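J.: Got a file for you: structure.cif, mmCIF, C-alpha atoms and all ligand atoms.
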```
data_upload
#
loop_
_atom_site.group_PDB
_atom_site.id
_atom_site.type_symbol
_atom_site.label_atom_id
_atom_site.label_comp_id
_atom_site.auth_asym_id
_atom_site.auth_seq_id
_atom_site.Cartn_x
_atom_site.Cartn_y
_atom_site.Cartn_z
ATOM 1 C CA MET A 1 -14.802 -15.475 -2.398
ATOM 2 C CA GLU A 2 -15.386 -13.657 0.875
ATOM 3 C CA LYS A 3 -17.453 -10.485 1.296
ATOM 4 C CA THR A 4 -17.058 -7.986 4.092
ATOM 5 C CA THR A 5 -18.703 -4.717 5.032
ATOM 6 C CA SER A 6 -16.851 -3.775 8.216
ATOM 7 C CA VAL A 7 -13.268 -2.599 8.659
ATOM 8 C CA LYS A 8 -12.879 -4.984 11.604
ATOM 9 C CA GLU A 9 -13.760 -8.209 9.763
ATOM 10 C CA THR A 10 -11.713 -7.106 6.736
ATOM 11 C CA ARG A 11 -8.653 -6.507 8.930
ATOM 12 C CA GLN A 12 -9.053 -9.959 10.504
ATOM 13 C CA ILE A 13 -8.960 -11.699 7.117
ATOM 14 C CA ILE A 14 -5.953 -9.635 6.010
ATOM 15 C CA LYS A 15 -4.184 -10.393 9.297
ATOM 16 C CA ASP A 16 -4.677 -14.148 8.784
ATOM 17 C CA TRP A 17 -3.296 -13.940 5.233
ATOM 18 C CA LYS A 18 -0.272 -11.933 6.391
ATOM 19 C CA LYS A 19 0.423 -14.479 9.120
ATOM 20 C CA GLN A 20 0.659 -17.094 6.357
ATOM 21 C CA GLY A 21 3.103 -14.863 4.455
ATOM 22 C CA LEU A 22 0.707 -14.350 1.526
ATOM 23 C CA SER A 23 1.087 -11.353 -0.790
ATOM 24 C CA ILE A 24 -1.962 -9.128 -1.343
ATOM 25 C CA GLY A 25 -3.078 -7.274 -4.472
ATOM 26 C CA PHE A 26 -5.741 -4.573 -4.259
ATOM 27 C CA VAL A 27 -8.122 -2.979 -6.784
ATOM 28 C CA PRO A 28 -10.147 -0.079 -5.349
ATOM 29 C CA THR A 29 -13.316 0.638 -7.364
ATOM 30 C CA MET A 30 -16.606 2.491 -7.187
ATOM 31 C CA GLY A 31 -18.422 -0.527 -8.600
ATOM 32 C CA PHE A 32 -20.488 -0.902 -11.778
ATOM 33 C CA LEU A 33 -17.546 -2.933 -12.974
ATOM 34 C CA HIS A 34 -16.602 -3.204 -16.645
ATOM 35 C CA GLU A 35 -13.824 -4.877 -18.651
ATOM 36 C CA GLY A 36 -11.374 -2.172 -17.513
ATOM 37 C CA HIS A 37 -11.892 -3.170 -13.872
ATOM 38 C CA GLN A 38 -11.850 -6.842 -14.859
ATOM 39 C CA SER A 39 -8.394 -6.441 -16.404
ATOM 40 C CA LEU A 40 -7.128 -4.831 -13.160
ATOM 41 C CA ILE A 41 -8.591 -7.615 -11.016
ATOM 42 C CA GLN A 42 -7.206 -10.321 -13.297
ATOM 43 C CA ARG A 43 -3.744 -8.760 -13.137
ATOM 44 C CA SER A 44 -3.974 -8.487 -9.365
ATOM 45 C CA VAL A 45 -5.016 -12.170 -9.157
ATOM 46 C CA SER A 46 -2.147 -13.234 -11.389
ATOM 47 C CA GLU A 47 0.538 -11.255 -9.507
ATOM 48 C CA ASN A 48 -0.457 -11.894 -5.883
ATOM 49 C CA ASP A 49 -1.410 -14.766 -3.563
ATOM 50 C CA ARG A 50 -4.645 -13.013 -2.596
ATOM 51 C CA ALA A 51 -6.685 -10.390 -4.487
ATOM 52 C CA VAL A 52 -8.929 -7.836 -2.790
ATOM 53 C CA VAL A 53 -11.475 -5.571 -4.519
ATOM 54 C CA SER A 54 -13.249 -2.699 -2.772
ATOM 55 C CA ILE A 55 -16.576 -1.349 -4.002
ATOM 56 C CA PHE A 56 -17.448 2.022 -2.533
ATOM 57 C CA VAL A 57 -18.997 5.067 -4.207
ATOM 58 C CA ASN A 58 -16.985 7.684 -2.357
ATOM 59 C CA PRO A 59 -19.171 10.766 -1.710
ATOM 60 C CA MET A 60 -16.125 12.856 -0.843
ATOM 61 C CA GLN A 61 -14.793 12.890 -4.398
ATOM 62 C CA PHE A 62 -18.021 14.209 -5.972
ATOM 63 C CA GLY A 63 -18.737 17.925 -6.277
ATOM 64 C CA PRO A 64 -22.113 19.330 -5.142
ATOM 65 C CA THR A 65 -23.494 19.424 -8.726
ATOM 66 C CA GLU A 66 -21.997 16.093 -9.812
ATOM 67 C CA ASP A 67 -23.558 12.649 -10.271
ATOM 68 C CA LEU A 68 -23.224 11.051 -6.803
ATOM 69 C CA ALA A 69 -26.968 10.286 -6.515
ATOM 70 C CA THR A 70 -27.251 8.808 -10.007
ATOM 71 C CA TYR A 71 -23.864 7.050 -10.162
ATOM 72 C CA PRO A 72 -24.677 3.571 -11.571
ATOM 73 C CA ARG A 73 -24.760 0.756 -9.036
ATOM 74 C CA ASP A 74 -25.300 -3.015 -9.454
ATOM 75 C CA LYS A 75 -23.973 -4.962 -6.488
ATOM 76 C CA ALA A 76 -25.106 -8.425 -7.645
ATOM 77 C CA ARG A 77 -23.468 -8.017 -11.058
ATOM 78 C CA ASP A 78 -20.284 -6.593 -9.489
ATOM 79 C CA LEU A 79 -20.002 -9.567 -7.137
ATOM 80 C CA PHE A 80 -20.527 -11.959 -10.038
ATOM 81 C CA ILE A 81 -17.699 -10.251 -11.980
ATOM 82 C CA CYS A 82 -15.346 -10.337 -8.969
ATOM 83 C CA GLU A 83 -16.097 -14.017 -8.441
ATOM 84 C CA SER A 84 -15.553 -14.856 -12.113
ATOM 85 C CA CYS A 85 -12.190 -13.036 -12.011
ATOM 86 C CA ASP A 86 -11.174 -15.187 -8.998
ATOM 87 C CA ALA A 87 -10.985 -12.347 -6.475
ATOM 88 C CA ASP A 88 -10.591 -13.613 -2.899
ATOM 89 C CA LEU A 89 -12.254 -10.793 -0.973
ATOM 90 C CA VAL A 90 -14.666 -7.985 -1.823
ATOM 91 C CA PHE A 91 -14.931 -5.155 0.692
ATOM 92 C CA LEU A 92 -18.276 -3.305 0.400
ATOM 93 C CA PRO A 93 -18.467 -0.777 3.230
ATOM 94 C CA GLU A 94 -21.379 1.570 3.912
ATOM 95 C CA THR A 95 -20.568 5.285 3.967
ATOM 96 C CA SER A 96 -21.008 5.393 7.765
ATOM 97 C CA GLU A 97 -18.350 2.686 8.147
ATOM 98 C CA LEU A 98 -15.693 4.790 6.423
ATOM 99 C CA TYR A 99 -16.932 8.252 7.390
ATOM 100 C CA PRO A 100 -18.390 7.911 10.880
ATOM 101 C CA ALA A 101 -19.781 10.939 12.715
ATOM 102 C CA GLY A 102 -16.959 13.282 13.652
ATOM 103 C CA PHE A 103 -14.753 12.372 10.685
ATOM 104 C CA CYS A 104 -12.532 15.407 9.988
ATOM 105 C CA THR A 105 -9.122 14.303 8.650
ATOM 106 C CA PHE A 106 -8.229 14.578 4.976
ATOM 107 C CA ALA A 107 -5.333 13.745 2.649
ATOM 108 C CA ASP A 108 -4.795 16.594 0.221
ATOM 109 C CA MET A 109 -2.340 17.357 -2.532
ATOM 110 C CA THR A 110 -0.887 20.445 -4.209
ATOM 111 C CA VAL A 111 1.106 20.705 -7.504
ATOM 112 C CA LEU A 112 -0.195 17.580 -9.286
ATOM 113 C CA THR A 113 -3.806 18.624 -8.835
ATOM 114 C CA THR A 114 -3.630 22.200 -10.165
ATOM 115 C CA GLU A 115 -4.345 21.282 -13.814
ATOM 116 C CA LEU A 116 -6.795 19.051 -15.737
ATOM 117 C CA CYS A 117 -9.529 17.490 -13.558
ATOM 118 C CA GLY A 118 -8.074 19.201 -10.476
ATOM 119 C CA LYS A 119 -8.931 22.552 -12.041
ATOM 120 C CA THR A 120 -12.472 21.728 -13.134
ATOM 121 C CA ARG A 121 -13.375 19.435 -10.191
ATOM 122 C CA PRO A 122 -12.254 21.308 -7.062
ATOM 123 C CA ASN A 123 -11.785 18.977 -4.063
ATOM 124 C CA HIS A 124 -12.096 15.859 -6.242
ATOM 125 C CA PHE A 125 -8.533 14.717 -5.567
ATOM 126 C CA ARG A 126 -8.807 15.546 -1.886
ATOM 127 C CA GLY A 127 -11.654 13.025 -1.802
ATOM 128 C CA VAL A 128 -9.702 10.487 -3.865
ATOM 129 C CA CYS A 129 -6.520 10.842 -1.767
ATOM 130 C CA THR A 130 -8.480 10.566 1.473
ATOM 131 C CA ILE A 131 -10.399 7.424 0.534
ATOM 132 C CA VAL A 132 -7.458 5.688 -1.151
ATOM 133 C CA ASN A 133 -5.295 6.434 1.879
ATOM 134 C CA LYS A 134 -7.962 4.975 4.177
ATOM 135 C CA LEU A 135 -8.388 1.880 1.996
ATOM 136 C CA PHE A 136 -4.604 1.399 1.857
ATOM 137 C CA ASN A 137 -4.513 1.518 5.668
ATOM 138 C CA ILE A 138 -7.296 -1.072 5.940
ATOM 139 C CA ILE A 139 -6.167 -3.510 3.228
ATOM 140 C CA THR A 140 -2.372 -2.893 3.555
ATOM 141 C CA PRO A 141 -1.720 -4.497 0.153
ATOM 142 C CA ASP A 142 1.655 -5.201 -1.427
ATOM 143 C CA ARG A 143 0.432 -3.900 -4.784
ATOM 144 C CA ALA A 144 -2.462 -1.679 -5.868
ATOM 145 C CA TYR A 145 -3.781 -1.455 -9.426
ATOM 146 C CA PHE A 146 -5.211 1.635 -11.174
ATOM 147 C CA GLY A 147 -6.321 2.245 -14.772
ATOM 148 C CA ARG A 148 -4.446 4.722 -16.950
ATOM 149 C CA LYS A 149 -7.713 6.255 -18.187
ATOM 150 C CA ASP A 150 -7.591 8.251 -14.947
ATOM 151 C CA ALA A 151 -4.023 9.318 -15.701
ATOM 152 C CA GLN A 152 -4.003 12.249 -13.289
ATOM 153 C CA GLN A 153 -5.440 10.051 -10.524
ATOM 154 C CA LEU A 154 -2.657 7.521 -11.143
ATOM 155 C CA ALA A 155 -0.001 10.271 -10.954
ATOM 156 C CA VAL A 156 -1.587 11.687 -7.782
ATOM 157 C CA ILE A 157 -1.788 8.313 -6.027
ATOM 158 C CA THR A 158 1.742 7.356 -7.081
ATOM 159 C CA ARG A 159 2.989 10.643 -5.590
ATOM 160 C CA MET A 160 0.864 10.272 -2.450
ATOM 161 C CA ALA A 161 2.247 6.761 -1.862
ATOM 162 C CA LEU A 162 5.775 8.168 -2.156
ATOM 163 C CA ASP A 163 5.145 11.251 0.003
ATOM 164 C CA PHE A 164 3.408 9.269 2.765
ATOM 165 C CA ASN A 165 6.091 6.516 2.716
ATOM 166 C CA THR A 166 3.428 3.975 1.834
ATOM 167 C CA ASP A 167 5.001 0.565 1.274
ATOM 168 C CA ILE A 168 2.696 -0.307 -1.628
ATOM 169 C CA GLU A 169 3.673 -0.723 -5.261
ATOM 170 C CA ILE A 170 1.329 1.382 -7.405
ATOM 171 C CA ILE A 171 0.731 -0.254 -10.763
ATOM 172 C CA GLY A 172 -0.800 1.577 -13.741
ATOM 173 C CA CYS A 173 -2.690 -0.610 -16.221
ATOM 174 C CA GLU A 174 -3.524 0.009 -19.867
ATOM 175 C CA ILE A 175 -6.791 1.667 -20.936
ATOM 176 C CA ILE A 176 -9.346 -0.898 -22.123
ATOM 177 C CA ARG A 177 -11.446 0.338 -25.066
ATOM 178 C CA GLU A 178 -14.602 -0.585 -26.924
ATOM 179 C CA SER A 179 -14.047 -1.798 -30.519
ATOM 180 C CA ASP A 180 -14.760 1.736 -31.827
ATOM 181 C CA GLY A 181 -12.127 3.289 -29.545
ATOM 182 C CA LEU A 182 -14.283 4.623 -26.687
ATOM 183 C CA ALA A 183 -12.478 4.074 -23.382
ATOM 184 C CA LYS A 184 -14.467 1.815 -21.026
ATOM 185 C CA SER A 185 -16.062 3.767 -18.196
ATOM 186 C CA SER A 186 -18.948 3.214 -15.802
ATOM 187 C CA ARG A 187 -20.244 6.615 -16.970
ATOM 188 C CA ASN A 188 -20.656 5.340 -20.577
ATOM 189 C CA ASN A 189 -23.825 3.833 -19.177
ATOM 190 C CA TYR A 190 -25.419 7.311 -19.082
ATOM 191 C CA LEU A 191 -25.132 7.786 -22.864
ATOM 192 C CA SER A 192 -28.156 7.598 -25.173
ATOM 193 C CA PRO A 193 -27.568 5.695 -28.469
ATOM 194 C CA ASP A 194 -26.838 8.971 -30.308
ATOM 195 C CA GLU A 195 -24.526 10.155 -27.548
ATOM 196 C CA ARG A 196 -22.763 6.793 -27.535
ATOM 197 C CA LYS A 197 -21.932 7.291 -31.230
ATOM 198 C CA ALA A 198 -20.852 10.888 -30.609
ATOM 199 C CA ALA A 199 -18.578 9.793 -27.737
ATOM 200 C CA CYS A 200 -16.138 8.287 -30.259
ATOM 201 C CA VAL A 201 -14.970 11.846 -30.866
ATOM 202 C CA LEU A 202 -12.774 11.588 -27.747
ATOM 203 C CA SER A 203 -10.556 8.768 -29.012
ATOM 204 C CA ARG A 204 -10.779 10.041 -32.610
ATOM 205 C CA SER A 205 -9.505 13.507 -31.700
ATOM 206 C CA LEU A 206 -6.695 12.014 -29.583
ATOM 207 C CA GLN A 207 -5.703 9.756 -32.457
ATOM 208 C CA ALA A 208 -5.404 12.835 -34.710
ATOM 209 C CA GLY A 209 -3.258 14.447 -32.004
ATOM 210 C CA ARG A 210 -1.002 11.412 -31.890
ATOM 211 C CA VAL A 211 -0.521 11.532 -35.681
ATOM 212 C CA LEU A 212 0.529 15.200 -35.414
ATOM 213 C CA LEU A 213 3.022 14.382 -32.649
ATOM 214 C CA GLU A 214 4.411 11.483 -34.661
ATOM 215 C CA SER A 215 4.912 13.824 -37.596
ATOM 216 C CA GLY A 216 7.170 15.947 -35.352
ATOM 217 C CA GLU A 217 4.856 18.712 -34.080
ATOM 218 C CA LYS A 218 6.414 20.264 -30.959
ATOM 219 C CA ASP A 219 4.067 23.169 -30.279
ATOM 220 C CA PRO A 220 1.358 22.257 -27.730
ATOM 221 C CA ARG A 221 -0.856 25.127 -28.994
ATOM 222 C CA VAL A 222 -1.011 23.619 -32.491
ATOM 223 C CA LEU A 223 -1.869 20.210 -31.071
ATOM 224 C CA ILE A 224 -4.522 21.536 -28.690
ATOM 225 C CA ALA A 225 -6.135 23.574 -31.486
ATOM 226 C CA ALA A 226 -6.260 20.529 -33.798
ATOM 227 C CA ILE A 227 -7.873 18.331 -31.118
ATOM 228 C CA LYS A 228 -10.364 21.055 -30.149
ATOM 229 C CA ASP A 229 -11.272 21.560 -33.796
ATOM 230 C CA ILE A 230 -12.284 17.894 -34.196
ATOM 231 C CA ILE A 231 -14.288 17.860 -30.955
ATOM 232 C CA SER A 232 -16.053 21.141 -31.831
ATOM 233 C CA ASN A 233 -17.358 19.567 -35.023
ATOM 234 C CA GLU A 234 -19.353 17.025 -33.002
ATOM 235 C CA PRO A 235 -22.691 18.707 -32.164
ATOM 236 C CA LEU A 236 -23.335 16.656 -28.990
ATOM 237 C CA ALA A 237 -19.873 17.370 -27.551
ATOM 238 C CA SER A 238 -18.681 20.317 -25.492
ATOM 239 C CA ILE A 239 -15.113 20.668 -24.260
ATOM 240 C CA ASP A 240 -14.216 20.813 -20.578
ATOM 241 C CA TYR A 241 -10.476 20.813 -21.262
ATOM 242 C CA VAL A 242 -7.865 19.760 -23.808
ATOM 243 C CA GLU A 243 -4.398 19.987 -22.240
ATOM 244 C CA ILE A 244 -0.837 18.837 -22.712
ATOM 245 C CA VAL A 245 1.156 18.404 -19.514
ATOM 246 C CA LYS A 246 4.370 16.756 -18.400
ATOM 247 C CA ALA A 247 3.503 13.119 -17.782
ATOM 248 C CA ASP A 248 5.067 13.008 -14.304
ATOM 249 C CA SER A 249 4.410 16.470 -12.800
ATOM 250 C CA ILE A 250 1.071 17.198 -14.590
ATOM 251 C CA GLN A 251 2.277 20.752 -15.321
ATOM 252 C CA LYS A 252 1.694 22.561 -18.629
ATOM 253 C CA VAL A 253 4.517 22.581 -21.181
ATOM 254 C CA ASP A 254 5.614 25.307 -23.630
ATOM 255 C CA ARG A 255 7.243 22.825 -25.952
ATOM 256 C CA ILE A 256 6.835 19.089 -26.359
ATOM 257 C CA GLU A 257 10.200 17.697 -25.348
ATOM 258 C CA ASP A 258 9.777 15.272 -22.443
ATOM 259 C CA PRO A 259 7.127 12.532 -22.228
ATOM 260 C CA VAL A 260 3.791 14.341 -22.259
ATOM 261 C CA LEU A 261 0.271 13.436 -21.259
ATOM 262 C CA VAL A 262 -2.322 14.576 -23.791
ATOM 263 C CA ALA A 263 -5.532 14.650 -21.757
ATOM 264 C CA ILE A 264 -9.086 15.658 -22.560
ATOM 265 C CA ALA A 265 -12.396 15.943 -20.723
ATOM 266 C CA VAL A 266 -15.490 16.337 -22.873
ATOM 267 C CA TYR A 267 -19.186 16.531 -22.096
ATOM 268 C CA ILE A 268 -21.297 14.339 -24.355
ATOM 269 C CA GLY A 269 -24.723 15.688 -23.572
ATOM 270 C CA LYS A 270 -24.618 15.883 -19.769
ATOM 271 C CA THR A 271 -22.066 13.096 -19.351
ATOM 272 C CA ARG A 272 -18.484 14.103 -18.687
ATOM 273 C CA LEU A 273 -15.952 11.658 -20.152
ATOM 274 C CA ILE A 274 -12.156 11.674 -20.017
ATOM 275 C CA ASP A 275 -9.469 10.100 -22.161
ATOM 276 C CA ASN A 276 -5.738 10.515 -22.747
ATOM 277 C CA PHE A 277 -2.513 9.108 -24.089
ATOM 278 C CA VAL A 278 1.127 9.466 -23.114
ATOM 279 C CA PHE A 279 3.577 10.405 -25.864
ATOM 280 C CA HIS A 280 7.260 9.578 -25.477
ATOM 281 C CA VAL A 281 9.298 12.039 -27.541
HETATM 282 O O1 LIG B 301 -11.065 5.377 -9.860
HETATM 283 C C1 LIG B 301 -11.998 5.185 -9.055
HETATM 284 O O2 LIG B 301 -12.914 4.409 -9.295
HETATM 285 C C2 LIG B 301 -11.997 5.955 -7.748
HETATM 286 O O3 LIG B 301 -11.516 7.245 -7.915
HETATM 287 C C3 LIG B 301 -11.258 5.221 -6.613
HETATM 288 C C4 LIG B 301 -9.770 5.095 -6.916
HETATM 289 C C5 LIG B 301 -11.855 3.851 -6.393
HETATM 290 C C6 LIG B 301 -11.397 6.017 -5.309
HETATM 291 O O4 LIG B 301 -12.732 6.149 -4.932
#
```
Output the file's structure in the form of structure tokens.
T.:
Amino acid sequence: MEKTTSVKETRQIIKDWKKQGLSIGFVPTMGFLHEGHQSLIQRSVSENDRAVVSIFVNPMQFGPTEDLATYPRDKARDLFICESCDADLVFLPETSELYPAGFCTFADMTVLTTELCGKTRPNHFRGVCTIVNKLFNIITPDRAYFGRKDAQQLAVITRMALDFNTDIEIIGCEIIRESDGLAKSSRNNYLSPDERKAACVLSRSLQAGRVLLESGEKDPRVLIAAIKDIISNEPLASIDYVEIVKADSIQKVDRIEDPVLVAIAVYIGKTRLIDNFVFHV
């Protein structure tokens, strides 16, 4: 497995692979890799001749009061995981490599970012779109893999790839969960033992929502109220949002008719966690 830190050396390796006609899969990450990332890397390895992983904690997608400084980092462990998944190249740039002095161009998005995390994390998706666009330009993969836990991010990047005529197949991969239902996330690392137990309320409340939908409930207000009720009964939890939106446009619905995304963001103590599921009517 090769490791690079500069855009130049990364491009050289990619150029050599392309000359040989090899296909390239790409998994962008912010490191502190877990089984969710592992499943993306393994899929990328299995579907492409070469698999690239990037590890970069992107300052641009964090708000001023968010956890950029404390975001968990463990480079040695991340490299070990990439190697054991058979990745071919890990790109680990410094911030100055990707955002040199004078940097002033951004990729931004409207419509798909007005609800959910776009509402409560202003500028987050501007940061995500900008870095993913840059990484796409550097790696120029055939396929890029993203987890469905970040469902809005997946919708945003899929749309960005289409709007910018990016010749990359965007592939959404299933949410990987702990045995008690908690979706894997690097931020689970922040939770104290009590908070870790309390965090199960996310998947539990969504499961109750799914049961209601399966029983034929069509009113999003009823569903949202039921999910909020379960979360409110957990003393360590406070709700950021519980929303039901169209799965493709991420816009609110008045009635549940098309495929919908049921998405929640909940603070467990100080840690903000997200989870979701898509329901096909
Ligand atoms: O999902 C993430 O880890 C990040 O948002 C991404 C896509 C690597 C961009 O920094």
J.: Given the choices A:Ser39, A:Ser6, A:Asn48, A:Thr130, which gets closest to Phe103 in chain A if the distance is worked out from all atoms listed in the file?
T.: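 Using all atoms listed in the file, the shortest distance to Phe103 in chain A belongs to A:Thr130.
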J.: Provide the CA of Leu213 in chain A to CA of Ile170 in chain A distance in Å, to one decimal place.
T.: 28.4 Å
J.: Quote the spacing between CA of Asn137 in chain A and CA of Val45 in chain A in Å to one decimal place.
T.: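 Calculated distance between CA of Asn137 in chain A and CA of Val45 in chain A is 20.2 Å.
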J.: Output the residue selection produced by the PyMOL selection byres (((not hetatm)) within 6 of (chain B and resi 301)) on the file above, formatted as a ChimeraX atom specification.
T.: /A:28-30,58,128,132
J.: Keeping only C-alpha atoms, write those residues as an mmCIF file, in the coordinates of the input.
T.:
```cif
data_model
loop_
_atom_site.group_PDB
_atom_site.id
_atom_site.type_symbol
_atom_site.label_atom_id
_atom_site.label_comp_id
_atom_site.auth_asym_id
_atom_site.auth_seq_id
_atom_site.Cartn_x
_atom_site.Cartn_y
_atom_site.Cartn_z
ATOM 1 C CA PRO A 28 -10.147 -0.079 -5.349
ATOM 2 C CA THR A 29 -13.316 0.638 -7.364
ATOM 3 C CA MET A 30 -16.606 2.491 -7.187
ATOM 4 C CA ASN A 58 -16.985 7.684 -2.357
ATOM 5 C CA VAL A 128 -9.702 10.487 -3.865
ATOM 6 C CA VAL A 132 -7.458 5.688 -1.151
#
```
J.: Extract, using all atoms listed in the file, all DNA, RNA and protein residues at most 12 Å from Lys8 in chain A, discarding same-chain residues fewer than 2 positions from it, and format them as a PDB file with C-alpha atoms, in the coordinates of the input.
T.:
```pdb
ATOM      1  CA  THR A   4     -17.058  -7.986   4.092  1.00  0.00           C
ATOM      2  CA  THR A   5     -18.703  -4.717   5.032  1.00  0.00           C
ATOM      3  CA  SER A   6     -16.851  -3.775   8.216  1.00  0.00           C
ATOM      4  CA  THR A  10     -11.713  -7.106   6.736  1.00  0.00           C
ATOM      5  CA  ARG A  11      -8.653  -6.507   8.930  1.00  0.00           C
ATOM      6  CA  GLN A  12      -9.053  -9.959  10.504  1.00  0.00           C
ATOM      7  CA  ILE A  13      -8.960 -11.699   7.117  1.00  0.00           C
ATOM      8  CA  ILE A  14      -5.953  -9.635   6.010  1.00  0.00           C
ATOM      9  CA  LYS A  15      -4.184 -10.393   9.297  1.00  0.00           C
ATOM     10  CA  PHE A  91     -14.931  -5.155   0.692  1.00  0.00           C
ATOM     11  CA  PRO A  93     -18.467  -0.777   3.230  1.00  0.00           C
ATOM     12  CA  GLU A  97     -18.350   2.686   8.147  1.00  0.00           C
ATOM     13  CA  LEU A  98     -15.693   4.790   6.423  1.00  0.00           C
ATOM     14  CA  ILE A 138      -7.296  -1.072   5.940  1.00  0.00           C
ATOM     15  CA  ILE A 139      -6.167  -3.510   3.228  1.00  0.00           C
TER      16      ILE A 139
END
```
J.: Any chance you could tabulate, as CSV, the residues of range 31-68 of chain A at most 12 Å from range 18-23 of chain A with each one's nearest atom pair and distance in Å to one decimal, using all atoms listed in the file, in chain and rising number order?
T.:
```
residue,atom,partner,partner_atom,distance
A:Ser44,CA,A:Ser23,CA,10.4
A:Val45,CA,A:Ser23,CA,10.4
A:Ser46,CA,A:Ser23,CA,11.2
A:Glu47,CA,A:Ser23,CA,8.7
A:Asn48,CA,A:Ser23,CA,5.3
A:Asp49,CA,A:Ser23,CA,5.1
A:Arg50,CA,A:Ser23,CA,6.2
A:Ala51,CA,A:Ser23,CA,8.7
A:Val52,CA,A:Ser23,CA,10.8
```
J.: Output C-alpha atoms of each residue in that selection to a file, as a compact mmCIF listing (two decimals), in the coordinates of the input.
T.:
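File written: out-v3.txt
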```
# COMPACT_ATOMS: atom_id res chain seq x y z
CA SER A 44 -3.97 -8.49 -9.36
CA VAL A 45 -5.02 -12.17 -9.16
CA SER A 46 -2.15 -13.23 -11.39
CA GLU A 47 0.54 -11.26 -9.51
CA ASN A 48 -0.46 -11.89 -5.88
CA ASP A 49 -1.41 -14.77 -3.56
CA ARG A 50 -4.64 -13.01 -2.60
CA ALA A 51 -6.68 -10.39 -4.49
CA VAL A 52 -8.93 -7.84 -2.79
```
J.: With distances taken over all atoms listed in the file, which residue among A:Trp17, A:Phe146, A:Tyr99, A:Phe56 lies nearest Leu40 in chain A?
T.: A:Phe146
J.: Would you mind telling me which residue in A:Glu243, A:Asp275, A:Glu257, A:Asp219 lies nearest to Ser203 in chain A when using all atoms listed in the file?
T.: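 Ranked by minimum distance to Ser203 in chain A, first place goes to A:Asp275.
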J.: Which is closer to Glu115 in chain A than all the others in A:Ala69, A:Val156, A:Ala87, A:Ile239, using all atoms listed in the file?
T.: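 Ranking A:Ala69, A:Val156, A:Ala87, A:Ile239 by distance to Glu115 in chain A, first place goes to A:Val156.
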J.: Using the chain letters and numbers from this file, what does the PyMOL selection byres (((chain A and resi 36) around 10) and not hetatm) select? Give the answer as a PyMOL selection string.
T.: chain A and resi 33-35+37-41+146-149+173-177+183-186
J.: Enumerate, as a ChimeraX atom specification, the residues matched when the PyMOL selection byres (((chain A and resi 60) around 9) and not hetatm) is run on the file above.
T.: /A:57-59,61-63,123-124,126-128,130-131
J.: Between CA of Pro193 in chain A and CA of Gly269 in chain A, what is the distance, to one decimal in Å?
T.: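 According to the coordinates, CA of Pro193 in chain A and CA of Gly269 in chain A are separated by 11.5 Å.
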J.: Residues within 10 Å of Lys246 in chain A, please, as JSON, numbers by chain. Count all atoms listed in the file; anything in the same chain fewer than 4 positions from it doesn't count.
T.: {"A": [250, 251, 252, 253, 256, 257, 258, 259, 260, 261, 262, 278, 279]}
J.: Identify which of the residues A:Leu162, A:Arg272, A:Gln152, A:Arg210 lies closest to Val245 in chain A, counting all atoms listed in the file when measuring atom-to-atom distances.
T.: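 Smallest distance to Val245 in chain A is found for A:Gln152.
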J.: Smallest atom-to-atom distance to Val222 in chain A: which of A:Arg73, A:Ala151, A:Asp254, A:Asp194, using all atoms listed in the file?
T.: A:Asp254
J.: Near Phe164 in chain A, within 12 Å and counting all atoms listed in the file, which residues show up once chain neighbours fewer than 5 positions away are dropped, as a list in words?
T.: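 Those residues are Ala107, Asp108, Met109, Cys129, Asn133, Phe136, Asn137, Val156, Ile157, Thr158 and Arg159 of chain A.
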